[in-house]
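Text of the file entry34.pdb, holding PDB, C-alpha atoms and all ligand atoms:
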```pdb
ATOM      1  CA  MET V 673       0.000   0.000   0.000
ATOM      2  CA  ASN V 674       2.756   2.340   0.958
ATOM      3  CA  LYS V 675       4.643   1.518  -2.169
ATOM      4  CA  ARG V 676       1.640   2.264  -4.369
ATOM      5  CA  PHE V 677       1.125   5.595  -2.633
ATOM      6  CA  PHE V 678       4.742   6.450  -3.146
ATOM      7  CA  VAL V 679       4.584   5.704  -6.901
ATOM      8  CA  THR V 680       1.410   7.776  -7.299
ATOM      9  CA  PHE V 681       3.029  10.628  -5.435
ATOM     10  CA  LEU V 682       6.127  10.428  -7.611
ATOM     11  CA  VAL V 683       4.222  10.397 -10.923
ATOM     12  CA  GLY V 684       1.906  13.129  -9.725
ATOM     13  CA  SER V 685       4.634  15.496  -8.697
ATOM     14  CA  ALA V 686       6.532  14.811 -11.931
ATOM     15  CA  MET V 687       3.429  15.807 -13.929
ATOM     16  CA  LEU V 688       2.968  18.887 -11.801
ATOM     17  CA  ALA V 689       6.551  19.937 -12.369
ATOM     18  CA  ALA V 690       6.236  19.352 -16.112
ATOM     19  CA  SER V 691       3.038  21.369 -16.379
ATOM     20  CA  CYS V 692       4.511  24.230 -14.371
ATOM     21  CA  ASN V 693       7.473  24.267 -16.664
ATOM     22  CA  SER V 694       5.523  24.346 -19.941
ATOM     23  CA  GLY V 695       3.038  26.772 -18.512
ATOM     24  CA  GLY V 696       5.831  29.222 -17.824
ATOM     25  CA  ILE V 697       6.273  32.404 -19.830
ATOM     26  CA  ARG V 698       9.179  31.106 -21.799
ATOM     27  CA  ARG V 699      10.219  27.573 -22.687
ATOM     28  CA  ASN V 700      13.583  27.028 -21.049
ATOM     29  CA  PRO V 701      15.890  25.495 -23.630
ATOM     30  CA  GLY V 702      18.554  24.726 -21.048
ATOM     31  CA  LYS V 703      22.106  25.701 -21.855
ATOM     32  CA  ILE V 704      22.105  28.035 -24.857
ATOM     33  CA  TYR V 705      25.012  27.729 -27.249
ATOM     34  CA  ALA V 706      23.935  30.458 -29.698
ATOM     35  CA  PRO V 707      21.332  32.697 -28.043
ATOM     36  CA  ASP V 708      20.549  34.669 -31.190
ATOM     37  CA  MET V 709      19.475  31.426 -32.837
ATOM     38  CA  THR V 710      17.290  30.386 -29.923
ATOM     39  CA  TYR V 711      15.757  33.811 -29.454
ATOM     40  CA  SER V 712      15.333  35.158 -32.968
ATOM     41  CA  ARG V 713      16.383  38.753 -33.483
ATOM     42  CA  ALA V 714      14.146  38.996 -36.559
ATOM     43  CA  TYR V 715      10.819  40.741 -36.180
ATOM     44  CA  ASP V 716       7.944  38.280 -36.271
ATOM     45  CA  ALA V 717       5.212  38.631 -38.883
ATOM     46  CA  TYR V 718       2.179  40.685 -37.820
ATOM     47  CA  THR V 719       4.077  42.484 -35.052
ATOM     48  CA  GLU V 720       4.904  46.137 -34.619
ATOM     49  CA  ASN V 721       8.129  47.290 -36.174
ATOM     50  CA  PRO V 722      10.180  50.429 -35.403
ATOM     51  CA  VAL V 723      12.037  50.231 -38.717
ATOM     52  CA  THR V 724       9.317  50.324 -41.374
ATOM     53  CA  ALA V 725       7.518  53.511 -42.360
ATOM     54  CA  ASN V 726       4.061  52.333 -41.324
ATOM     55  CA  GLY V 727       5.258  50.568 -38.177
ATOM     56  CA  LEU V 728       4.206  47.084 -39.310
ATOM     57  CA  THR V 729       6.486  44.121 -39.924
ATOM     58  CA  SER V 730       4.335  42.491 -42.624
ATOM     59  CA  GLN V 731       4.155  44.870 -45.547
ATOM     60  CA  GLU V 732       1.372  44.966 -48.134
ATOM     61  CA  PRO V 733       2.338  43.962 -51.672
ATOM     62  CA  VAL V 734       3.469  46.986 -53.692
ATOM     63  CA  PRO V 735       0.772  48.543 -55.899
ATOM     64  CA  GLY V 736       0.448  46.670 -59.158
ATOM     65  CA  THR V 737       1.406  43.307 -57.679
ATOM     66  CA  ILE V 738      -0.380  40.491 -59.444
ATOM     67  CA  ALA V 739      -1.113  37.392 -57.390
ATOM     68  CA  ARG V 740      -0.145  34.109 -58.978
ATOM     69  CA  GLY V 741      -2.936  32.814 -61.168
ATOM     70  CA  HIS V 742      -4.697  36.177 -61.304
ATOM     71  CA  ALA V 743      -5.046  38.427 -64.316
ATOM     72  CA  LEU V 744      -5.017  41.829 -62.658
ATOM     73  CA  PRO V 745      -3.185  43.647 -59.874
ATOM     74  CA  LEU V 746      -4.411  43.445 -56.292
ATOM     75  CA  HIS V 747      -6.282  46.354 -54.714
ATOM     76  CA  LEU V 748      -8.493  46.907 -57.774
ATOM     77  CA  THR V 749     -12.142  47.611 -57.078
ATOM     78  CA  ALA V 750     -15.028  46.783 -59.401
ATOM     79  CA  ALA V 751     -15.275  50.507 -60.166
ATOM     80  CA  ASP V 752     -11.638  50.660 -61.206
ATOM     81  CA  THR V 753     -12.365  49.664 -64.788
ATOM     82  CA  SER V 754      -9.462  51.144 -66.765
ATOM     83  CA  ALA V 755      -7.102  48.232 -66.040
ATOM     84  CA  TYR V 756      -9.814  45.782 -67.065
ATOM     85  CA  TYR V 757     -10.657  47.632 -70.268
ATOM     86  CA  ALA V 758      -6.992  47.617 -71.309
ATOM     87  CA  LEU V 759      -6.588  43.911 -70.516
ATOM     88  CA  GLN V 760      -5.461  41.689 -73.375
ATOM     89  CA  SER V 761      -5.833  37.954 -73.710
ATOM     90  CA  PRO V 762      -2.816  36.140 -72.245
ATOM     91  CA  TYR V 763      -3.629  33.239 -74.561
ATOM     92  CA  LYS V 764      -3.425  32.430 -78.228
ATOM     93  CA  PHE V 765      -5.658  29.587 -79.275
ATOM     94  CA  THR V 766      -5.272  26.571 -81.503
ATOM     95  CA  GLU V 767      -8.017  25.373 -83.812
ATOM     96  CA  ALA V 768      -9.187  22.835 -81.210
ATOM     97  CA  GLU V 769      -9.287  25.462 -78.460
ATOM     98  CA  MET V 770     -11.292  27.785 -80.721
ATOM     99  CA  THR V 771     -13.790  24.979 -81.327
ATOM    100  CA  GLU V 772     -14.087  24.572 -77.562
ATOM    101  CA  GLY V 773     -14.645  28.348 -77.262
ATOM    102  CA  THR V 774     -17.521  28.079 -79.737
ATOM    103  CA  ARG V 775     -19.008  25.204 -77.747
ATOM    104  CA  LEU V 776     -18.791  27.174 -74.489
ATOM    105  CA  TYR V 777     -20.296  30.245 -76.145
ATOM    106  CA  ASN V 778     -23.257  28.196 -77.347
ATOM    107  CA  ILE V 779     -23.829  26.817 -73.851
ATOM    108  CA  TYR V 780     -23.389  29.975 -71.771
ATOM    109  CA  CYS V 781     -23.979  32.942 -74.060
ATOM    110  CA  GLY V 782     -25.903  31.744 -77.126
ATOM    111  CA  ILE V 783     -29.192  31.366 -75.255
ATOM    112  CA  CYS V 784     -29.324  35.181 -75.041
ATOM    113  CA  HIS V 785     -26.828  36.529 -77.567
ATOM    114  CA  GLY V 786     -27.868  33.981 -80.214
ATOM    115  CA  ASP V 787     -25.830  31.357 -82.047
ATOM    116  CA  LYS V 788     -25.234  33.994 -84.733
ATOM    117  CA  LEU V 789     -24.143  36.526 -82.075
ATOM    118  CA  ASP V 790     -26.895  38.857 -83.281
ATOM    119  CA  GLY V 791     -28.403  39.344 -79.825
ATOM    120  CA  ASN V 792     -31.449  37.289 -80.669
ATOM    121  CA  GLY V 793     -31.091  33.987 -78.845
ATOM    122  CA  PRO V 794     -33.972  31.708 -77.810
ATOM    123  CA  LEU V 795     -34.362  33.475 -74.461
ATOM    124  CA  TYR V 796     -35.049  36.789 -76.224
ATOM    125  CA  LYS V 797     -36.650  35.868 -79.591
ATOM    126  CA  ASP V 798     -37.240  39.473 -80.780
ATOM    127  CA  GLY V 799     -38.827  40.325 -77.462
ATOM    128  CA  ALA V 800     -41.189  37.329 -77.433
ATOM    129  CA  GLY V 801     -38.922  35.211 -75.213
ATOM    130  CA  PRO V 802     -38.935  35.010 -71.414
ATOM    131  CA  PHE V 803     -35.908  37.344 -71.082
ATOM    132  CA  ALA V 804     -37.190  40.894 -71.407
ATOM    133  CA  ALA V 805     -33.950  42.840 -71.925
ATOM    134  CA  ALA V 806     -32.393  42.874 -75.400
ATOM    135  CA  PRO V 807     -28.975  41.176 -75.264
ATOM    136  CA  ALA V 808     -26.085  42.982 -76.935
ATOM    137  CA  ASN V 809     -25.856  42.394 -80.675
ATOM    138  CA  LEU V 810     -22.202  41.357 -80.605
ATOM    139  CA  LYS V 811     -22.073  40.758 -84.336
ATOM    140  CA  GLY V 812     -23.643  43.846 -85.808
ATOM    141  CA  GLY V 813     -23.982  46.357 -82.979
ATOM    142  CA  ALA V 814     -21.743  49.356 -83.641
ATOM    143  CA  ALA V 815     -20.981  49.704 -79.946
ATOM    144  CA  TYR V 816     -19.829  46.095 -79.690
ATOM    145  CA  LEU V 817     -18.008  45.387 -82.943
ATOM    146  CA  ASN V 818     -14.809  47.033 -81.791
ATOM    147  CA  MET V 819     -15.382  46.901 -78.052
ATOM    148  CA  THR V 820     -12.046  46.066 -76.421
ATOM    149  CA  ILE V 821     -11.710  42.438 -75.422
ATOM    150  CA  GLY V 822     -10.844  43.667 -71.911
ATOM    151  CA  LYS V 823     -14.199  45.422 -71.617
ATOM    152  CA  MET V 824     -15.916  42.243 -72.742
ATOM    153  CA  TYR V 825     -13.895  40.295 -70.187
ATOM    154  CA  TYR V 826     -15.081  42.721 -67.520
ATOM    155  CA  ALA V 827     -18.700  42.073 -68.570
ATOM    156  CA  VAL V 828     -18.164  38.310 -68.294
ATOM    157  CA  VAL V 829     -16.553  38.644 -64.847
ATOM    158  CA  TYR V 830     -18.898  41.221 -63.287
ATOM    159  CA  GLY V 831     -21.968  41.060 -65.536
ATOM    160  CA  LYS V 832     -23.531  44.065 -67.213
ATOM    161  CA  ASN V 833     -26.856  45.462 -65.968
ATOM    162  CA  VAL V 834     -29.337  42.581 -66.365
ATOM    163  CA  MET V 835     -26.694  40.184 -67.655
ATOM    164  CA  GLY V 836     -25.253  38.208 -64.768
ATOM    165  CA  SER V 837     -21.625  37.363 -64.043
ATOM    166  CA  TYR V 838     -20.218  34.246 -65.669
ATOM    167  CA  ALA V 839     -17.124  34.159 -63.462
ATOM    168  CA  SER V 840     -18.300  31.055 -61.612
ATOM    169  CA  GLN V 841     -19.231  29.104 -64.753
ATOM    170  CA  LEU V 842     -16.137  29.807 -66.843
ATOM    171  CA  ASN V 843     -12.564  29.643 -65.625
ATOM    172  CA  VAL V 844     -10.057  32.259 -66.805
ATOM    173  CA  LYS V 845      -8.951  30.363 -69.894
ATOM    174  CA  GLN V 846     -12.530  29.485 -70.881
ATOM    175  CA  ARG V 847     -13.575  33.166 -70.652
ATOM    176  CA  TRP V 848     -10.809  34.147 -73.071
ATOM    177  CA  GLN V 849     -11.726  31.198 -75.308
ATOM    178  CA  VAL V 850     -15.327  32.405 -75.547
ATOM    179  CA  LEU V 851     -14.201  35.980 -76.196
ATOM    180  CA  ALA V 852     -11.710  34.802 -78.837
ATOM    181  CA  TYR V 853     -14.585  33.130 -80.640
ATOM    182  CA  ILE V 854     -16.658  36.346 -80.439
ATOM    183  CA  LYS V 855     -13.702  38.410 -81.714
ATOM    184  CA  LYS V 856     -13.179  35.979 -84.560
ATOM    185  CA  VAL V 857     -16.807  36.266 -85.687
ATOM    186  CA  GLN V 858     -16.593  40.065 -85.313
ATOM    187  CA  SER V 859     -13.454  40.198 -87.473
ATOM    188  CA  LYS V 860     -15.427  38.579 -90.291
ATOM    189  CA  ASN V 861     -18.163  41.181 -89.917
ATOM    190  CA  GLY V 862     -16.198  44.413 -90.050
ATOM    191  CA  GLY V 863     -14.374  44.231 -86.708
ATOM    192  CA  ALA V 864     -10.612  44.470 -86.189
ATOM    193  CA  PRO V 865      -8.563  41.541 -87.554
ATOM    194  CA  PHE V 866      -8.538  38.459 -85.353
ATOM    195  CA  THR V 867      -5.208  38.180 -83.536
ATOM    196  CA  LEU V 868      -5.653  35.349 -81.050
ATOM    197  CA  ASP V 869      -4.902  32.628 -83.560
ATOM    198  CA  ALA V 870      -1.986  30.537 -82.322
ATOM    199  CA  GLU V 871      -1.107  29.352 -85.836
ATOM    200  CA  ALA V 872      -1.305  32.714 -87.619
ATOM    201  CA  GLY V 873       1.703  34.481 -86.092
ATOM    202  CA  ALA V 874       3.961  31.419 -86.118
ATOM    203  CA  THR V 875       6.155  32.766 -88.925
ATOM    204  CA  THR V 876       7.866  35.526 -86.908
ATOM    205  CA  ALA V 877      10.223  34.854 -84.007
ATOM    206  CA  THR V 878       8.412  37.125 -81.522
ATOM    207  CA  ALA V 879       5.068  35.576 -82.280
ATOM    208  CA  ASN V 880       6.608  32.180 -81.713
ATOM    209  CA  THR V 881       7.936  33.151 -78.304
ATOM    210  CA  ALA V 882       4.615  34.664 -77.322
ATOM    211  CA  LYS V 883       2.869  31.503 -78.418
ATOM    212  CA  ASP V 884       5.226  29.239 -76.476
ATOM    213  CA  THR V 885       4.986  31.328 -73.316
ATOM    214  CA  ALA V 886       1.218  31.413 -73.545
ATOM    215  CA  ALA V 887       1.040  27.660 -73.971
ATOM    216  CA  ALA V 888       3.520  26.798 -71.242
ATOM    217  CA  LYS V 889       2.848  29.403 -68.569
ATOM    218  CA  PRO V 890      -0.371  31.310 -69.071
ATOM    219  CA  ALA V 891      -0.184  32.895 -65.610
ATOM    220  CA  MET V 892       3.309  34.242 -66.183
ATOM    221  CA  LYS V 893       2.309  35.645 -69.546
ATOM    222  CA  THR V 894      -0.587  37.411 -67.915
ATOM    223  CA  ASP V 895       1.751  38.969 -65.403
ATOM    224  CA  SER V 896       4.037  40.473 -67.986
ATOM    225  CA  ALA V 897       1.142  41.545 -70.198
ATOM    226  CA  VAL V 898      -0.368  43.571 -67.393
ATOM    227  CA  ALA V 899       2.902  44.728 -65.868
ATOM    228  CA  LYS V 900       3.546  46.748 -69.020
ATOM    229  CA  LYS V 901       0.460  48.837 -68.333
TER     230      LYS V 901
HETATM  231  C1  LIG F   1     -29.442  35.838 -69.703
HETATM  232  C2  LIG F   1     -29.053  36.461 -70.942
HETATM  233  C3  LIG F   1     -27.572  36.647 -71.214
HETATM  234  C4  LIG F   1     -26.583  35.693 -71.210
HETATM  235  C5  LIG F   1     -26.736  34.208 -70.919
HETATM  236  C6  LIG F   1     -25.368  36.381 -71.556
HETATM  237  N1  LIG F   1     -25.606  37.705 -71.775
HETATM  238 FE1  LIG F   1     -24.239  39.092 -72.372
HETATM  239  N2  LIG F   1     -25.670  40.532 -72.272
HETATM  240  C7  LIG F   1     -27.001  40.334 -71.990
HETATM  241  C8  LIG F   1     -27.684  41.600 -72.008
HETATM  242  C9  LIG F   1     -29.169  41.796 -71.750
HETATM  243  C10 LIG F   1     -26.734  42.582 -72.332
HETATM  244  C11 LIG F   1     -26.940  44.082 -72.467
HETATM  245  C12 LIG F   1     -26.649  44.710 -71.106
HETATM  246  C13 LIG F   1     -26.796  46.212 -71.165
HETATM  247  O1  LIG F   1     -26.045  46.866 -71.919
HETATM  248  O2  LIG F   1     -27.645  46.735 -70.447
HETATM  249  C14 LIG F   1     -25.467  41.888 -72.495
HETATM  250  C15 LIG F   1     -24.267  42.496 -72.796
HETATM  251  C16 LIG F   1     -23.100  41.835 -73.089
HETATM  252  C17 LIG F   1     -21.873  42.462 -73.514
HETATM  253  C18 LIG F   1     -21.629  43.959 -73.671
HETATM  254  C19 LIG F   1     -21.043  44.491 -72.379
HETATM  255  C20 LIG F   1     -20.955  45.995 -72.319
HETATM  256  O3  LIG F   1     -20.058  46.494 -71.625
HETATM  257  O4  LIG F   1     -21.803  46.689 -72.912
HETATM  258  C21 LIG F   1     -20.951  41.476 -73.716
HETATM  259  C22 LIG F   1     -19.532  41.611 -74.183
HETATM  260  C23 LIG F   1     -21.608  40.218 -73.405
HETATM  261  N3  LIG F   1     -22.903  40.475 -73.020
HETATM  262  C24 LIG F   1     -20.988  38.992 -73.475
HETATM  263  C25 LIG F   1     -21.569  37.818 -73.002
HETATM  264  C26 LIG F   1     -20.863  36.565 -72.924
HETATM  265  C27 LIG F   1     -19.429  36.326 -73.372
HETATM  266  C28 LIG F   1     -21.728  35.662 -72.409
HETATM  267  C29 LIG F   1     -21.484  34.206 -72.096
HETATM  268  C30 LIG F   1     -20.391  33.931 -71.186
HETATM  269  C31 LIG F   1     -22.981  36.354 -72.169
HETATM  270  N4  LIG F   1     -22.836  37.652 -72.528
HETATM  271  C32 LIG F   1     -24.132  35.745 -71.650
HETATM  272  C33 LIG F   1     -27.604  39.115 -71.707
HETATM  273  C34 LIG F   1     -26.945  37.910 -71.572
END
```
Exercise: express the given structure as structure tokens:
Amino acid sequence: MNKRFFVTFLVGSAMLAASCNSGGIRRNPGKIYAPDMTYSRAYDAYTENPVTANGLTSQEPVPGTIARGHALPLHLTAADTSAYYALQSPYKFTEAEMTEGTRLYNIYCGICHGDKLDGNGPLYKDGAGPFAAAPANLKGGAAYLNMTIGKMYYAVVYGKNVMGSYASQLNVKQRWQVLAYIKKVQSKNGGAPFTLDAEAGATTATANTAKDTAAAKPAMKTDSAVAKK
């Protein structure tokens, strides 16, 4: 009996000592060989800092920083449209990718804008359809024929009046694929020449590089495309 009590006492006091130790303000590392390695002299993230101008250790990314996988700089608001309007496609598309763009257009846009892009899809039907607002006539409408692809991209991401956002249905590449298809149709109807054809520019060295970069690292291409702005 005595022995058992003694063991319990021993284990108990050991636990007590251990908990007191770890509950202390600072973990005691014992003998310290290199104190500046044990107790870092660097300022920790999210702490105050006497050195930086704004007094914070973690600094915000510099204006114009583009997060990996994003098309535009951070700190833009929806109202800050100029960067969007100037945006260019980071991609050039092959024949197969253009076909996919057409398919996506017919699924997501054609119901309103029409399979001929004339703004008269089955949901509108010259005003007889269930959707009351006239969709943009992307093929023949003077305002749309030479609308910048960046402005169109903005409409796809944020919507435009009664047209909703398609940002959740189409990923970044798919949005540009759809818009490339629209631009291609527009170029055949009086719009600016179509330039997102991966095969077309393959004769010049610069076009080749652009094509390779776009195919291999679309995100990186986006970065440099926007960084120029
Ligand atoms: C539910 C119907 C509907 C669908 C689906 C739809 N749109 Fe629209 N879209 C509209 C309407 C309506 C307008 C005219 C908005 C206005 O100017 O008030 C419009 C306008 C636009 C414009 C002109 C934007 C501007 O700044 O004036 C573009 C570009 C466009 N749509 C592209 C697309 C693309 C690409 C898709 C598919 C991803 C799509 N739309 C799907 C109804 C639709």
**Q.** Site check for ligand LIG 1 (chain F): residues at most 6 Å away, only C-alpha atoms and all ligand atoms, as an MDAnalysis selection string
**A.** chainID V and resid 777 780:781 783:784 805:808 823:824 827:828 832:835 838 851
Q) When distances are computed from only C-alpha atoms, which of V:Asn700, V:Ser730, V:Asn861, V:Gln841 shows the smallest separation from V:Tyr715? A)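 Checking each of V:Asn700, V:Ser730, V:Asn861, V:Gln841 against V:Tyr715, counting only C-alpha atoms, the winner is V:Ser730.
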(Q) Once the PyMOL selection byres (((chain V and resi 759) around 10) and not hetatm) is applied to the coordinates I shared, what remains selected? I want it as a list in words. (A)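 Going through the file, the PyMOL selection byres (((chain V and resi 759) around 10) and not hetatm) ends up selecting Ala743, Leu744, Thr753, Ser754, Ala755, Tyr756, Tyr757, Ala758, Gln760, Ser761, Pro762, Thr820, Ile821, Gly822, Lys823, Met824, Tyr825, Tyr826, Thr894, Ala897, Val898 and Lys901 of chain V.
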Saved selection, atoms kept: C-alpha atoms, as an mmCIF file, in the frame of the given file:
```cif
data_model
loop_
_atom_site.group_PDB
_atom_site.id
_atom_site.type_symbol
_atom_site.label_atom_id
_atom_site.label_comp_id
_atom_site.auth_asym_id
_atom_site.auth_seq_id
_atom_site.Cartn_x
_atom_site.Cartn_y
_atom_site.Cartn_z
ATOM 1 C CA ALA V 743 -5.046 38.427 -64.316
ATOM 2 C CA LEU V 744 -5.017 41.829 -62.658
ATOM 3 C CA THR V 753 -12.365 49.664 -64.788
ATOM 4 C CA SER V 754 -9.462 51.144 -66.765
ATOM 5 C CA ALA V 755 -7.102 48.232 -66.040
ATOM 6 C CA TYR V 756 -9.814 45.782 -67.065
ATOM 7 C CA TYR V 757 -10.657 47.632 -70.268
ATOM 8 C CA ALA V 758 -6.992 47.617 -71.309
ATOM 9 C CA GLN V 760 -5.461 41.689 -73.375
ATOM 10 C CA SER V 761 -5.833 37.954 -73.710
ATOM 11 C CA PRO V 762 -2.816 36.140 -72.245
ATOM 12 C CA THR V 820 -12.046 46.066 -76.421
ATOM 13 C CA ILE V 821 -11.710 42.438 -75.422
ATOM 14 C CA GLY V 822 -10.844 43.667 -71.911
ATOM 15 C CA LYS V 823 -14.199 45.422 -71.617
ATOM 16 C CA MET V 824 -15.916 42.243 -72.742
ATOM 17 C CA TYR V 825 -13.895 40.295 -70.187
ATOM 18 C CA TYR V 826 -15.081 42.721 -67.520
ATOM 19 C CA THR V 894 -0.587 37.411 -67.915
ATOM 20 C CA ALA V 897 1.142 41.545 -70.198
ATOM 21 C CA VAL V 898 -0.368 43.571 -67.393
ATOM 22 C CA LYS V 901 0.460 48.837 -68.333
#
```
Q: Mind giving me the straight-line distance from atom CA of V:Asn818 to atom CA of V:Pro865 in Å, one decimal?
A: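 Here the two named atoms are 10.1 Å from each other.
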Q: For atom CA of V:Asn721 and atom CA of V:His747, quote the distance in Å rounded to one decimal.
A: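 Between atom CA of V:Asn721 and atom CA of V:His747 the gap is 23.5 Å.
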Q. Distance atom CA of V:Gly799-atom CA of V:His785, one decimal place?
A.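 Calculated distance between atom CA of V:Gly799 and atom CA of V:His785 is 12.6 Å.
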(Q) Every residue with an atom at most 10 Å from (-5.7, 26.4, -78.6) (file coordinates; all atoms listed in the file) is what I'm after, so could you write them as an MDAnalysis selection string? (A) chainID V and resid 763:773 849 868:871 883 886:887
Could you turn the residues from that selection into a file that holds C-alpha atoms, as a JSON list (two decimals), keeping the file's coordinate frame?
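Wrote it out as result_5.json, contents follow:
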```json
[["chain", "number", "residue", "atom", "x", "y", "z"],
["V", 763, "TYR", "CA", -3.63, 33.24, -74.56],
["V", 764, "LYS", "CA", -3.42, 32.43, -78.23],
["V", 765, "PHE", "CA", -5.66, 29.59, -79.28],
["V", 766, "THR", "CA", -5.27, 26.57, -81.50],
["V", 767, "GLU", "CA", -8.02, 25.37, -83.81],
["V", 768, "ALA", "CA", -9.19, 22.84, -81.21],
["V", 769, "GLU", "CA", -9.29, 25.46, -78.46],
["V", 770, "MET", "CA", -11.29, 27.78, -80.72],
["V", 771, "THR", "CA", -13.79, 24.98, -81.33],
["V", 772, "GLU", "CA", -14.09, 24.57, -77.56],
["V", 773, "GLY", "CA", -14.64, 28.35, -77.26],
["V", 849, "GLN", "CA", -11.73, 31.20, -75.31],
["V", 868, "LEU", "CA", -5.65, 35.35, -81.05],
["V", 869, "ASP", "CA", -4.90, 32.63, -83.56],
["V", 870, "ALA", "CA", -1.99, 30.54, -82.32],
["V", 871, "GLU", "CA", -1.11, 29.35, -85.84],
["V", 883, "LYS", "CA", 2.87, 31.50, -78.42],
["V", 886, "ALA", "CA", 1.22, 31.41, -73.54],
["V", 887, "ALA", "CA", 1.04, 27.66, -73.97]]
```
Q) Taking the file as shown, what set of residues would the PyMOL selection byres (((chain V and resi 793) around 10) and not hetatm) give back, as a list in words? A)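 Written out, the selection comes to Asn778, Cys781, Gly782, Ile783, Cys784, His785, Gly786, Asp787, Lys788, Leu789, Asp790, Gly791, Asn792, Pro794, Leu795, Tyr796, Lys797, Asp798, Gly801, Phe803, Ala806 and Pro807 of chain V.
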May I ask you to restore N, CA and C atoms in stretch 832-845 of chain V and write the result as a tab-separated table (two decimals), in the frame of the given file?
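Final file, result-v5.tsv:
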```tsv
chain	number	residue	atom	x	y	z
V	832	LYS	N	-23.26	42.72	-66.69
V	832	LYS	CA	-23.53	44.06	-67.21
V	832	LYS	C	-25.03	44.30	-67.10
V	833	ASN	N	-25.43	45.22	-66.24
V	833	ASN	CA	-26.86	45.46	-65.97
V	833	ASN	C	-27.61	44.16	-65.72
V	834	VAL	N	-28.55	43.79	-66.62
V	834	VAL	CA	-29.34	42.58	-66.36
V	834	VAL	C	-28.60	41.28	-66.71
V	835	MET	N	-27.48	41.40	-67.40
V	835	MET	CA	-26.69	40.18	-67.66
V	835	MET	C	-25.87	39.86	-66.41
V	836	GLY	N	-25.96	38.62	-65.98
V	836	GLY	CA	-25.25	38.21	-64.77
V	836	GLY	C	-23.78	37.94	-65.02
V	837	SER	N	-23.04	37.71	-63.94
V	837	SER	CA	-21.62	37.36	-64.04
V	837	SER	C	-21.48	35.90	-64.45
V	838	TYR	N	-20.50	35.63	-65.30
V	838	TYR	CA	-20.22	34.25	-65.67
V	838	TYR	C	-18.90	33.76	-65.07
V	839	ALA	N	-18.42	34.49	-64.06
V	839	ALA	CA	-17.12	34.16	-63.46
V	839	ALA	C	-17.13	32.78	-62.80
V	840	SER	N	-18.28	32.35	-62.30
V	840	SER	CA	-18.30	31.06	-61.61
V	840	SER	C	-18.51	29.90	-62.59
V	841	GLN	N	-19.01	30.18	-63.78
V	841	GLN	CA	-19.23	29.10	-64.75
V	841	GLN	C	-18.01	28.85	-65.63
V	842	LEU	N	-17.27	29.93	-65.92
V	842	LEU	CA	-16.14	29.81	-66.84
V	842	LEU	C	-14.84	30.16	-66.12
V	843	ASN	N	-13.85	29.28	-66.22
V	843	ASN	CA	-12.56	29.64	-65.62
V	843	ASN	C	-11.86	30.66	-66.53
V	844	VAL	N	-10.71	31.16	-66.10
V	844	VAL	CA	-10.06	32.26	-66.81
V	844	VAL	C	-9.81	31.91	-68.28
V	845	LYS	N	-9.26	30.75	-68.51
V	845	LYS	CA	-8.95	30.36	-69.89
V	845	LYS	C	-10.24	30.26	-70.72
```
